[in-house]
file final.cif (mmCIF, N, CA and C atoms)
data_input
#
loop_
_atom_site.group_PDB
_atom_site.id
_atom_site.type_symbol
_atom_site.label_atom_id
_atom_site.label_comp_id
_atom_site.auth_asym_id
_atom_site.auth_seq_id
_atom_site.Cartn_x
_atom_site.Cartn_y
_atom_site.Cartn_z
ATOM 1 N N MET A 1 56.629 -56.295 134.146
ATOM 2 C CA MET A 1 55.529 -57.014 133.542
ATOM 3 C C MET A 1 56.101 -58.191 132.756
ATOM 4 N N SER A 2 55.646 -59.374 133.088
ATOM 5 C CA SER A 2 56.109 -60.588 132.431
ATOM 6 C C SER A 2 55.697 -60.590 130.964
ATOM 7 N N LYS A 3 56.544 -61.145 130.137
ATOM 8 C CA LYS A 3 56.274 -61.230 128.694
ATOM 9 C C LYS A 3 55.609 -62.580 128.404
ATOM 10 N N LEU A 4 54.286 -62.663 128.659
ATOM 11 C CA LEU A 4 53.578 -63.928 128.546
ATOM 12 C C LEU A 4 53.544 -64.470 127.125
ATOM 13 N N HIS A 5 53.396 -63.597 126.126
ATOM 14 C CA HIS A 5 53.373 -64.058 124.734
ATOM 15 C C HIS A 5 54.713 -64.698 124.382
ATOM 16 N N LEU A 6 55.772 -64.064 124.829
ATOM 17 C CA LEU A 6 57.116 -64.575 124.571
ATOM 18 C C LEU A 6 57.326 -65.913 125.269
ATOM 19 N N LYS A 7 56.967 -65.967 126.530
ATOM 20 C CA LYS A 7 57.145 -67.205 127.297
ATOM 21 C C LYS A 7 56.347 -68.342 126.675
ATOM 22 N N ASN A 8 55.088 -68.076 126.311
ATOM 23 C CA ASN A 8 54.254 -69.115 125.700
ATOM 24 C C ASN A 8 54.828 -69.597 124.372
ATOM 25 N N ALA A 9 55.321 -68.676 123.555
ATOM 26 C CA ALA A 9 55.916 -69.064 122.272
ATOM 27 C C ALA A 9 57.159 -69.919 122.496
ATOM 28 N N ARG A 10 57.973 -69.545 123.475
ATOM 29 C CA ARG A 10 59.182 -70.320 123.788
ATOM 30 C C ARG A 10 58.809 -71.726 124.239
ATOM 31 N N LEU A 11 57.831 -71.809 125.136
ATOM 32 C CA LEU A 11 57.404 -73.115 125.642
ATOM 33 C C LEU A 11 56.762 -73.958 124.556
ATOM 34 N N ASN A 12 55.998 -73.307 123.665
ATOM 35 C CA ASN A 12 55.379 -74.038 122.544
ATOM 36 C C ASN A 12 56.414 -74.664 121.621
ATOM 37 N N LYS A 13 57.584 -74.047 121.531
ATOM 38 C CA LYS A 13 58.676 -74.592 120.715
ATOM 39 C C LYS A 13 59.511 -75.599 121.495
ATOM 40 N N GLY A 14 59.171 -75.790 122.777
ATOM 41 C CA GLY A 14 59.883 -76.755 123.600
ATOM 42 C C GLY A 14 61.277 -76.306 124.009
ATOM 43 N N LEU A 15 61.475 -74.998 124.088
ATOM 44 C CA LEU A 15 62.798 -74.475 124.425
ATOM 45 C C LEU A 15 62.844 -73.996 125.868
ATOM 46 N N SER A 16 63.934 -74.281 126.526
ATOM 47 C CA SER A 16 64.166 -73.735 127.865
ATOM 48 C C SER A 16 64.692 -72.315 127.707
ATOM 49 N N GLN A 17 64.671 -71.559 128.800
ATOM 50 C CA GLN A 17 65.266 -70.220 128.771
ATOM 51 C C GLN A 17 66.740 -70.327 128.403
ATOM 52 N N GLU A 18 67.414 -71.301 128.947
ATOM 53 C CA GLU A 18 68.849 -71.459 128.692
ATOM 54 C C GLU A 18 69.131 -71.715 127.213
ATOM 55 N N THR A 19 68.334 -72.589 126.596
ATOM 56 C CA THR A 19 68.536 -72.902 125.182
ATOM 57 C C THR A 19 68.282 -71.679 124.311
ATOM 58 N N LEU A 20 67.172 -70.992 124.559
ATOM 59 C CA LEU A 20 66.858 -69.803 123.762
ATOM 60 C C LEU A 20 67.925 -68.734 123.967
ATOM 61 N N ALA A 21 68.345 -68.559 125.204
ATOM 62 C CA ALA A 21 69.393 -67.578 125.492
ATOM 63 C C ALA A 21 70.662 -67.896 124.705
ATOM 64 N N ASP A 22 71.066 -69.165 124.684
ATOM 65 C CA ASP A 22 72.250 -69.576 123.918
ATOM 66 C C ASP A 22 72.075 -69.251 122.439
ATOM 67 N N LEU A 23 70.890 -69.514 121.909
ATOM 68 C CA LEU A 23 70.634 -69.309 120.485
ATOM 69 C C LEU A 23 70.660 -67.836 120.070
ATOM 70 N N ILE A 24 70.372 -66.951 121.027
ATOM 71 C CA ILE A 24 70.395 -65.516 120.694
ATOM 72 C C ILE A 24 71.636 -64.821 121.240
ATOM 73 N N GLY A 25 72.522 -65.588 121.866
ATOM 74 C CA GLY A 25 73.802 -65.039 122.291
ATOM 75 C C GLY A 25 73.804 -64.281 123.601
ATOM 76 N N MET A 26 73.071 -64.791 124.582
ATOM 77 C CA MET A 26 73.132 -64.173 125.909
ATOM 78 C C MET A 26 73.036 -65.266 126.971
ATOM 79 N N THR A 27 73.288 -64.881 128.198
ATOM 80 C CA THR A 27 73.207 -65.848 129.287
ATOM 81 C C THR A 27 71.746 -66.088 129.660
ATOM 82 N N GLN A 28 71.499 -67.222 130.294
ATOM 83 C CA GLN A 28 70.147 -67.540 130.746
ATOM 84 C C GLN A 28 69.660 -66.497 131.738
ATOM 85 N N CYS A 29 70.543 -66.037 132.604
ATOM 86 C CA CYS A 29 70.189 -65.042 133.619
ATOM 87 C C CYS A 29 69.712 -63.735 132.963
ATOM 88 N N ASN A 30 70.450 -63.288 131.962
ATOM 89 C CA ASN A 30 70.054 -62.059 131.255
ATOM 90 C C ASN A 30 68.753 -62.258 130.496
ATOM 91 N N TYR A 31 68.588 -63.428 129.869
ATOM 92 C CA TYR A 31 67.341 -63.696 129.148
ATOM 93 C C TYR A 31 66.163 -63.714 130.115
ATOM 94 N N SER A 32 66.355 -64.362 131.261
ATOM 95 C CA SER A 32 65.288 -64.454 132.260
ATOM 96 C C SER A 32 64.819 -63.075 132.701
ATOM 97 N N ARG A 33 65.749 -62.164 132.909
ATOM 98 C CA ARG A 33 65.389 -60.794 133.303
ATOM 99 C C ARG A 33 64.498 -60.142 132.243
ATOM 100 N N ARG A 34 64.799 -60.413 130.999
ATOM 101 C CA ARG A 34 64.013 -59.831 129.910
ATOM 102 C C ARG A 34 62.627 -60.472 129.841
ATOM 103 N N GLU A 35 62.592 -61.800 129.885
ATOM 104 C CA GLU A 35 61.305 -62.490 129.789
ATOM 105 C C GLU A 35 60.401 -62.152 130.971
ATOM 106 N N ASN A 36 60.988 -61.912 132.123
ATOM 107 C CA ASN A 36 60.209 -61.579 133.314
ATOM 108 C C ASN A 36 59.904 -60.089 133.447
ATOM 109 N N GLY A 37 60.307 -59.300 132.451
ATOM 110 C CA GLY A 37 59.969 -57.884 132.429
ATOM 111 C C GLY A 37 60.804 -57.013 133.345
ATOM 112 N N LYS A 38 61.937 -57.533 133.814
ATOM 113 C CA LYS A 38 62.797 -56.747 134.696
ATOM 114 C C LYS A 38 63.793 -55.910 133.914
ATOM 115 N N LYS A 39 64.006 -56.257 132.657
ATOM 116 C CA LYS A 39 64.926 -55.527 131.788
ATOM 117 C C LYS A 39 64.285 -55.422 130.409
ATOM 118 N N GLU A 40 64.497 -54.290 129.789
ATOM 119 C CA GLU A 40 63.911 -54.052 128.466
ATOM 120 C C GLU A 40 64.562 -54.948 127.418
ATOM 121 N N ILE A 41 63.766 -55.416 126.477
ATOM 122 C CA ILE A 41 64.258 -56.192 125.342
ATOM 123 C C ILE A 41 64.426 -55.210 124.185
ATOM 124 N N THR A 42 65.624 -55.164 123.620
ATOM 125 C CA THR A 42 65.872 -54.242 122.511
ATOM 126 C C THR A 42 65.201 -54.762 121.243
ATOM 127 N N LEU A 43 65.040 -53.894 120.271
ATOM 128 C CA LEU A 43 64.453 -54.296 118.991
ATOM 129 C C LEU A 43 65.290 -55.394 118.346
ATOM 130 N N ASN A 44 66.604 -55.259 118.416
ATOM 131 C CA ASN A 44 67.494 -56.273 117.863
ATOM 132 C C ASN A 44 67.267 -57.627 118.547
ATOM 133 N N GLU A 45 67.121 -57.610 119.870
ATOM 134 C CA GLU A 45 66.871 -58.845 120.617
ATOM 135 C C GLU A 45 65.507 -59.430 120.274
ATOM 136 N N TRP A 46 64.489 -58.572 120.171
ATOM 137 C CA TRP A 46 63.159 -59.047 119.775
ATOM 138 C C TRP A 46 63.237 -59.752 118.426
ATOM 139 N N THR A 47 63.963 -59.150 117.502
ATOM 140 C CA THR A 47 64.090 -59.712 116.157
ATOM 141 C C THR A 47 64.785 -61.063 116.193
ATOM 142 N N LYS A 48 65.881 -61.168 116.939
ATOM 143 C CA LYS A 48 66.593 -62.444 117.070
ATOM 144 C C LYS A 48 65.684 -63.517 117.674
ATOM 145 N N ILE A 49 64.965 -63.151 118.717
ATOM 146 C CA ILE A 49 64.081 -64.105 119.390
ATOM 147 C C ILE A 49 62.990 -64.584 118.438
ATOM 148 N N ALA A 50 62.370 -63.649 117.721
ATOM 149 C CA ALA A 50 61.313 -64.018 116.769
ATOM 150 C C ALA A 50 61.860 -64.962 115.704
ATOM 151 N N ASN A 51 63.073 -64.686 115.230
ATOM 152 C CA ASN A 51 63.682 -65.559 114.214
ATOM 153 C C ASN A 51 63.931 -66.957 114.755
ATOM 154 N N VAL A 52 64.472 -67.048 115.976
ATOM 155 C CA VAL A 52 64.748 -68.351 116.579
ATOM 156 C C VAL A 52 63.454 -69.126 116.808
ATOM 157 N N LEU A 53 62.412 -68.419 117.261
ATOM 158 C CA LEU A 53 61.135 -69.076 117.529
ATOM 159 C C LEU A 53 60.311 -69.289 116.263
ATOM 160 N N ASN A 54 60.790 -68.726 115.152
ATOM 161 C CA ASN A 54 60.106 -68.836 113.868
ATOM 162 C C ASN A 54 58.666 -68.311 113.956
ATOM 163 N N VAL A 55 58.537 -67.107 114.543
ATOM 164 C CA VAL A 55 57.238 -66.445 114.652
ATOM 165 C C VAL A 55 57.392 -65.000 114.188
ATOM 166 N N ASN A 56 56.275 -64.382 113.859
ATOM 167 C CA ASN A 56 56.291 -62.955 113.543
ATOM 168 C C ASN A 56 56.498 -62.174 114.833
ATOM 169 N N LEU A 57 57.205 -61.079 114.742
ATOM 170 C CA LEU A 57 57.487 -60.262 115.911
ATOM 171 C C LEU A 57 56.207 -59.857 116.632
ATOM 172 N N ASP A 58 55.164 -59.505 115.887
ATOM 173 C CA ASP A 58 53.935 -59.039 116.525
ATOM 174 C C ASP A 58 53.220 -60.123 117.332
ATOM 175 N N GLU A 59 53.612 -61.393 117.146
ATOM 176 C CA GLU A 59 53.021 -62.477 117.932
ATOM 177 C C GLU A 59 53.586 -62.532 119.347
ATOM 178 N N ILE A 60 54.795 -62.028 119.540
ATOM 179 C CA ILE A 60 55.441 -62.134 120.847
ATOM 180 C C ILE A 60 55.716 -60.784 121.496
ATOM 181 N N TYR A 61 55.744 -59.727 120.699
ATOM 182 C CA TYR A 61 56.158 -58.415 121.207
ATOM 183 C C TYR A 61 55.206 -57.892 122.275
ATOM 184 N N GLN A 62 55.765 -57.445 123.374
ATOM 185 C CA GLN A 62 55.054 -56.704 124.409
ATOM 186 C C GLN A 62 55.983 -55.585 124.854
ATOM 187 N N PRO A 63 55.482 -54.353 124.893
ATOM 188 C CA PRO A 63 56.361 -53.234 125.244
ATOM 189 C C PRO A 63 56.846 -53.327 126.677
ATOM 190 N N PHE A 64 57.999 -52.735 126.905
ATOM 191 C CA PHE A 64 58.561 -52.655 128.246
ATOM 192 C C PHE A 64 57.821 -51.571 129.010
ATOM 193 N N VAL A 65 57.347 -51.892 130.189
ATOM 194 C CA VAL A 65 56.667 -50.906 131.018
ATOM 195 C C VAL A 65 57.426 -50.811 132.329
ATOM 196 N N ASN A 66 58.122 -49.704 132.498
ATOM 197 C CA ASN A 66 58.869 -49.445 133.722
ATOM 198 C C ASN A 66 57.881 -49.212 134.859
ATOM 199 N N ASN A 67 58.191 -49.712 136.050
ATOM 200 C CA ASN A 67 57.297 -49.516 137.199
ATOM 201 C C ASN A 67 56.993 -48.049 137.443
ATOM 202 N N ALA A 68 57.938 -47.178 137.145
ATOM 203 C CA ALA A 68 57.733 -45.748 137.374
ATOM 204 C C ALA A 68 56.667 -45.178 136.454
ATOM 205 N N ILE A 69 56.408 -45.845 135.339
ATOM 206 C CA ILE A 69 55.388 -45.343 134.413
ATOM 207 C C ILE A 69 54.262 -46.355 134.243
ATOM 208 N N SER A 70 54.086 -47.236 135.187
ATOM 209 C CA SER A 70 53.080 -48.285 135.050
ATOM 210 C C SER A 70 51.657 -47.753 135.057
ATOM 211 N N ASP A 71 51.477 -46.496 135.457
ATOM 212 C CA ASP A 71 50.142 -45.908 135.470
ATOM 213 C C ASP A 71 49.819 -45.159 134.180
ATOM 214 N N ILE A 72 50.575 -45.433 133.143
ATOM 215 C CA ILE A 72 50.318 -44.817 131.833
ATOM 216 C C ILE A 72 48.912 -45.182 131.368
ATOM 217 N N THR A 73 48.244 -44.267 130.717
ATOM 218 C CA THR A 73 46.908 -44.557 130.198
ATOM 219 C C THR A 73 47.012 -45.480 129.006
ATOM 220 N N ASN A 74 45.901 -46.128 128.683
ATOM 221 C CA ASN A 74 45.879 -47.047 127.545
ATOM 222 C C ASN A 74 46.254 -46.345 126.248
ATOM 223 N N ASP A 75 45.792 -45.101 126.071
ATOM 224 C CA ASP A 75 46.129 -44.361 124.859
ATOM 225 C C ASP A 75 47.630 -44.185 124.718
ATOM 226 N N SER A 76 48.301 -43.877 125.808
ATOM 227 C CA SER A 76 49.749 -43.698 125.763
ATOM 228 C C SER A 76 50.442 -45.017 125.461
ATOM 229 N N GLN A 77 49.948 -46.105 126.027
ATOM 230 C CA GLN A 77 50.529 -47.421 125.757
ATOM 231 C C GLN A 77 50.380 -47.773 124.288
ATOM 232 N N ILE A 78 49.245 -47.469 123.730
ATOM 233 C CA ILE A 78 49.024 -47.740 122.310
ATOM 234 C C ILE A 78 50.000 -46.929 121.464
ATOM 235 N N GLN A 79 50.218 -45.664 121.827
ATOM 236 C CA GLN A 79 51.157 -44.827 121.089
ATOM 237 C C GLN A 79 52.571 -45.395 121.170
ATOM 238 N N ILE A 80 52.966 -45.884 122.336
ATOM 239 C CA ILE A 80 54.291 -46.478 122.504
ATOM 240 C C ILE A 80 54.411 -47.723 121.630
ATOM 241 N N GLU A 81 53.379 -48.577 121.643
ATOM 242 C CA GLU A 81 53.409 -49.787 120.824
ATOM 243 C C GLU A 81 53.482 -49.442 119.341
ATOM 244 N N LEU A 82 52.693 -48.465 118.910
ATOM 245 C CA LEU A 82 52.713 -48.069 117.503
ATOM 246 C C LEU A 82 54.078 -47.522 117.109
ATOM 247 N N LYS A 83 54.694 -46.741 117.987
ATOM 248 C CA LYS A 83 56.035 -46.195 117.725
ATOM 249 C C LYS A 83 57.043 -47.334 117.585
ATOM 250 N N SER A 84 56.975 -48.315 118.488
ATOM 251 C CA SER A 84 57.890 -49.449 118.442
ATOM 252 C C SER A 84 57.696 -50.251 117.160
ATOM 253 N N LYS A 85 56.441 -50.479 116.791
ATOM 254 C CA LYS A 85 56.167 -51.225 115.561
ATOM 255 C C LYS A 85 56.632 -50.433 114.344
ATOM 256 N N SER A 86 56.467 -49.112 114.395
ATOM 257 C CA SER A 86 56.919 -48.260 113.306
ATOM 258 C C SER A 86 58.436 -48.358 113.139
ATOM 259 N N ILE A 87 59.154 -48.349 114.263
ATOM 260 C CA ILE A 87 60.616 -48.491 114.224
ATOM 261 C C ILE A 87 60.985 -49.849 113.644
ATOM 262 N N TYR A 88 60.283 -50.893 114.039
ATOM 263 C CA TYR A 88 60.541 -52.237 113.539
ATOM 264 C C TYR A 88 60.300 -52.299 112.026
ATOM 265 N N ILE A 89 59.196 -51.734 111.568
ATOM 266 C CA ILE A 89 58.887 -51.734 110.134
ATOM 267 C C ILE A 89 59.949 -50.957 109.370
ATOM 268 N N GLU A 90 60.360 -49.814 109.904
ATOM 269 C CA GLU A 90 61.405 -49.010 109.272
ATOM 270 C C GLU A 90 62.698 -49.821 109.153
ATOM 271 N N SER A 91 63.029 -50.548 110.191
ATOM 272 C CA SER A 91 64.222 -51.392 110.183
ATOM 273 C C SER A 91 64.114 -52.473 109.104
ATOM 274 N N LEU A 92 62.946 -53.087 108.991
ATOM 275 C CA LEU A 92 62.735 -54.116 107.973
ATOM 276 C C LEU A 92 62.809 -53.534 106.555
ATOM 277 N N GLU A 93 62.276 -52.335 106.385
ATOM 278 C CA GLU A 93 62.323 -51.690 105.072
ATOM 279 C C GLU A 93 63.762 -51.392 104.669
ATOM 280 N N LYS A 94 64.579 -50.937 105.627
ATOM 281 C CA LYS A 94 65.987 -50.674 105.331
ATOM 282 C C LYS A 94 66.715 -51.960 104.973
ATOM 283 N N GLU A 95 66.448 -53.012 105.731
ATOM 284 C CA GLU A 95 67.081 -54.305 105.452
ATOM 285 C C GLU A 95 66.641 -54.830 104.093
ATOM 286 N N ASN A 96 65.368 -54.663 103.763
ATOM 287 C CA ASN A 96 64.833 -55.100 102.479
ATOM 288 C C ASN A 96 65.526 -54.361 101.329
ATOM 289 N N ALA A 97 65.678 -53.040 101.453
ATOM 290 C CA ALA A 97 66.352 -52.251 100.418
ATOM 291 C C ALA A 97 67.797 -52.702 100.272
ATOM 292 N N PHE A 98 68.474 -52.934 101.396
ATOM 293 C CA PHE A 98 69.861 -53.407 101.366
ATOM 294 C C PHE A 98 69.955 -54.738 100.628
ATOM 295 N N LEU A 99 69.058 -55.659 100.958
ATOM 296 C CA LEU A 99 69.094 -56.985 100.331
ATOM 297 C C LEU A 99 68.761 -56.913 98.839
ATOM 298 N N LYS A 100 67.852 -56.027 98.460
ATOM 299 C CA LYS A 100 67.540 -55.849 97.037
ATOM 300 C C LYS A 100 68.773 -55.360 96.277
ATOM 301 N N ASN A 101 69.491 -54.414 96.874
ATOM 302 C CA ASN A 101 70.725 -53.926 96.244
ATOM 303 C C ASN A 101 71.766 -55.026 96.156
ATOM 304 N N LYS A 102 71.865 -55.834 97.181
ATOM 305 C CA LYS A 102 72.824 -56.944 97.199
ATOM 306 C C LYS A 102 72.485 -57.937 96.078
ATOM 307 N N ILE A 103 71.211 -58.216 95.875
ATOM 308 C CA ILE A 103 70.775 -59.124 94.806
ATOM 309 C C ILE A 103 71.150 -58.544 93.450
ATOM 310 N N LYS A 104 70.893 -57.241 93.279
ATOM 311 C CA LYS A 104 71.249 -56.582 92.014
ATOM 312 C C LYS A 104 72.743 -56.698 91.748
ATOM 313 N N ASP A 105 73.544 -56.483 92.781
ATOM 314 C CA ASP A 105 75.002 -56.599 92.634
ATOM 315 C C ASP A 105 75.406 -58.020 92.266
ATOM 316 N N LEU A 106 74.777 -58.992 92.844
ATOM 317 C CA LEU A 106 75.108 -60.392 92.557
ATOM 318 C C LEU A 106 74.672 -60.804 91.154
ATOM 319 N N GLU A 107 73.613 -60.201 90.663
ATOM 320 C CA GLU A 107 73.117 -60.519 89.319
ATOM 321 C C GLU A 107 74.022 -59.950 88.229
ATOM 322 N N LYS A 108 74.821 -58.939 88.576
ATOM 323 C CA LYS A 108 75.700 -58.300 87.564
ATOM 324 C C LYS A 108 76.849 -59.170 87.197
#
call {"tool": "encode", "arguments": {"input": "final.cif", "output": "structure tokens"}}
result
Amino acid sequence: MSKLHLKNARLNKGLSQETLADLIGMTQCNYSRRENGKKEITLNEWTKIANVLNVNLDEIYQPFVNNAISDITNDSQIQIELKSKSIYIESLEKENAFLKNKIKDLEK
């Protein structure tokens, strides 16, 4: 499944696949596979892409749907999306706590 939100955001920023791939540290070929839905985009990659495009993750995020499970019901897809967003929020909360501690250390 093509990542249309991602592709549109990239095009809106005037970036080619090659340029965006360079900015996130991968080859154009590998990026293309991800944008075209042939390979899963990791949470770390989603985060890097959102940062480069200067958008919120939820504006571009689309879950990976393997062809073998493409007949998943909408309820299951929603659960997968919620789980992914929950993992993303948890990651942000950990990073936020780390940065708060770093600020406290720097203030000392």
call {"tool": "atom_distance", "arguments": {"input": "final.cif", "atom1": "atom N of Trp46 (chain A)", "atom2": "atom C of Lys102 (chain A)"}}
result
25.4 Å
call {"tool": "closest_residue", "arguments": {"input": "final.cif", "among": "A:Asn44, A:Ser86, A:Gln79, A:Gln62", "to": "His5 (chain A)", "atoms": "all atoms listed in the file"}}
result
A:Gln62
call {"tool": "resolve_selection", "arguments": {"input": "final.cif", "expression": "the PyMOL selection byres ((chain A and resi 28-38) around 6)", "output": "JSON, numbers by chain"}}
result
{"A": [1, 2, 3, 17, 18, 21, 22, 26, 27, 39, 40, 41]}
call {"tool": "atom_distance", "arguments": {"input": "final.cif", "atom1": "CA of Leu20 (chain A)", "atom2": "CA of Phe98 (chain A)"}}
result
27.9 Å
call {"tool": "resolve_selection", "arguments": {"input": "final.cif", "expression": "the PyMOL selection byres (((chain A and resi 57 and name CA) around 12) and name CA)", "output": "NGL selection string"}}
result
:A and (5-6 or 9 or 43-56 or 58-63 or 84-85 or 88-89 or 92)
call {"tool": "atom_distance", "arguments": {"input": "final.cif", "atom1": "CA of Thr19 (chain A)", "atom2": "CA of Leu4 (chain A)"}}
result
17.8 Å
call {"tool": "axis_aligned_box", "arguments": {"input": "final.cif", "around": "region 47-66 of chain A", "padding_each_side": "3 Å", "output": "AutoDock Vina command-line options"}}
result
--center_x 59.8 --center_y -59.3 --center_z 124.2 --size_x 19.6 --size_y 26.1 --size_z 27.3
call {"tool": "decode", "arguments": {"input": "final.cif", "residues": "region 34-106 of chain A", "atoms": "C-alpha atoms", "output": "tab-separated table (two decimals), in the first residue's frame"}}
result
chain	number	residue	atom	x	y	z
A	34	ARG	CA	9.18	2.28	1.92
A	35	GLU	CA	7.19	5.07	0.30
A	36	ASN	CA	5.62	2.59	-2.12
A	37	GLY	CA	4.60	0.26	0.71
A	38	LYS	CA	6.88	-2.60	-0.28
A	39	LYS	CA	8.90	-2.39	2.94
A	40	GLU	CA	7.85	-1.39	6.42
A	41	ILE	CA	8.94	2.00	7.75
A	42	THR	CA	10.29	1.72	11.29
A	43	LEU	CA	9.22	4.12	14.03
A	44	ASN	CA	12.72	5.59	14.02
A	45	GLU	CA	12.49	6.17	10.25
A	46	TRP	CA	9.01	7.70	10.56
A	47	THR	CA	10.37	10.08	13.18
A	48	LYS	CA	13.35	11.09	11.04
A	49	ILE	CA	11.12	11.66	8.02
A	50	ALA	CA	8.63	13.75	10.01
A	51	ASN	CA	11.50	15.87	11.36
A	52	VAL	CA	12.99	16.44	7.90
A	53	LEU	CA	9.58	17.32	6.46
A	54	ASN	CA	8.83	19.48	9.50
A	55	VAL	CA	5.43	17.84	10.05
A	56	ASN	CA	3.79	15.97	12.90
A	57	LEU	CA	4.12	12.22	12.61
A	58	ASP	CA	0.34	11.76	12.57
A	59	GLU	CA	0.14	13.85	9.37
A	60	ILE	CA	2.16	11.33	7.37
A	61	TYR	CA	1.96	8.04	9.27
A	62	GLN	CA	0.22	5.13	7.58
A	63	PRO	CA	0.61	1.62	8.99
A	64	PHE	CA	2.36	-1.09	7.04
A	65	VAL	CA	-0.11	-3.60	5.66
A	66	ASN	CA	1.45	-6.82	4.45
A	67	ASN	CA	-0.34	-8.39	1.48
A	68	ALA	CA	-0.81	-11.54	3.54
A	69	ILE	CA	-2.94	-9.60	6.02
A	70	SER	CA	-4.54	-7.12	3.64
A	71	ASP	CA	-7.97	-8.52	4.47
A	72	ILE	CA	-7.76	-7.32	8.07
A	73	THR	CA	-10.99	-5.77	9.31
A	74	ASN	CA	-11.18	-2.05	9.96
A	75	ASP	CA	-11.34	-2.67	13.71
A	76	SER	CA	-8.07	-4.57	13.61
A	77	GLN	CA	-6.44	-1.84	11.52
A	78	ILE	CA	-7.54	0.75	14.04
A	79	GLN	CA	-6.05	-1.33	16.86
A	80	ILE	CA	-2.75	-1.60	14.98
A	81	GLU	CA	-2.69	2.17	14.37
A	82	LEU	CA	-3.49	2.90	18.02
A	83	LYS	CA	-0.73	0.51	19.15
A	84	SER	CA	1.77	2.21	16.82
A	85	LYS	CA	0.76	5.66	18.02
A	86	SER	CA	0.98	4.46	21.62
A	87	ILE	CA	4.54	3.24	20.99
A	88	TYR	CA	5.40	6.58	19.38
A	89	ILE	CA	3.96	8.54	22.33
A	90	GLU	CA	5.84	6.30	24.78
A	91	SER	CA	9.05	6.97	22.86
A	92	LEU	CA	8.43	10.73	22.98
A	93	GLU	CA	7.70	10.60	26.71
A	94	LYS	CA	10.99	8.78	27.34
A	95	GLU	CA	12.89	11.29	25.22
A	96	ASN	CA	11.14	14.16	27.03
A	97	ALA	CA	12.12	12.76	30.45
A	98	PHE	CA	15.71	12.28	29.26
A	99	LEU	CA	15.89	15.86	27.98
A	100	LYS	CA	14.39	17.23	31.21
A	101	ASN	CA	17.09	15.43	33.19
A	102	LYS	CA	19.75	16.74	30.81
A	103	ILE	CA	18.48	20.31	31.36
A	104	LYS	CA	18.57	19.81	35.13
A	105	ASP	CA	22.16	18.58	34.88
A	106	LEU	CA	23.16	21.56	32.76
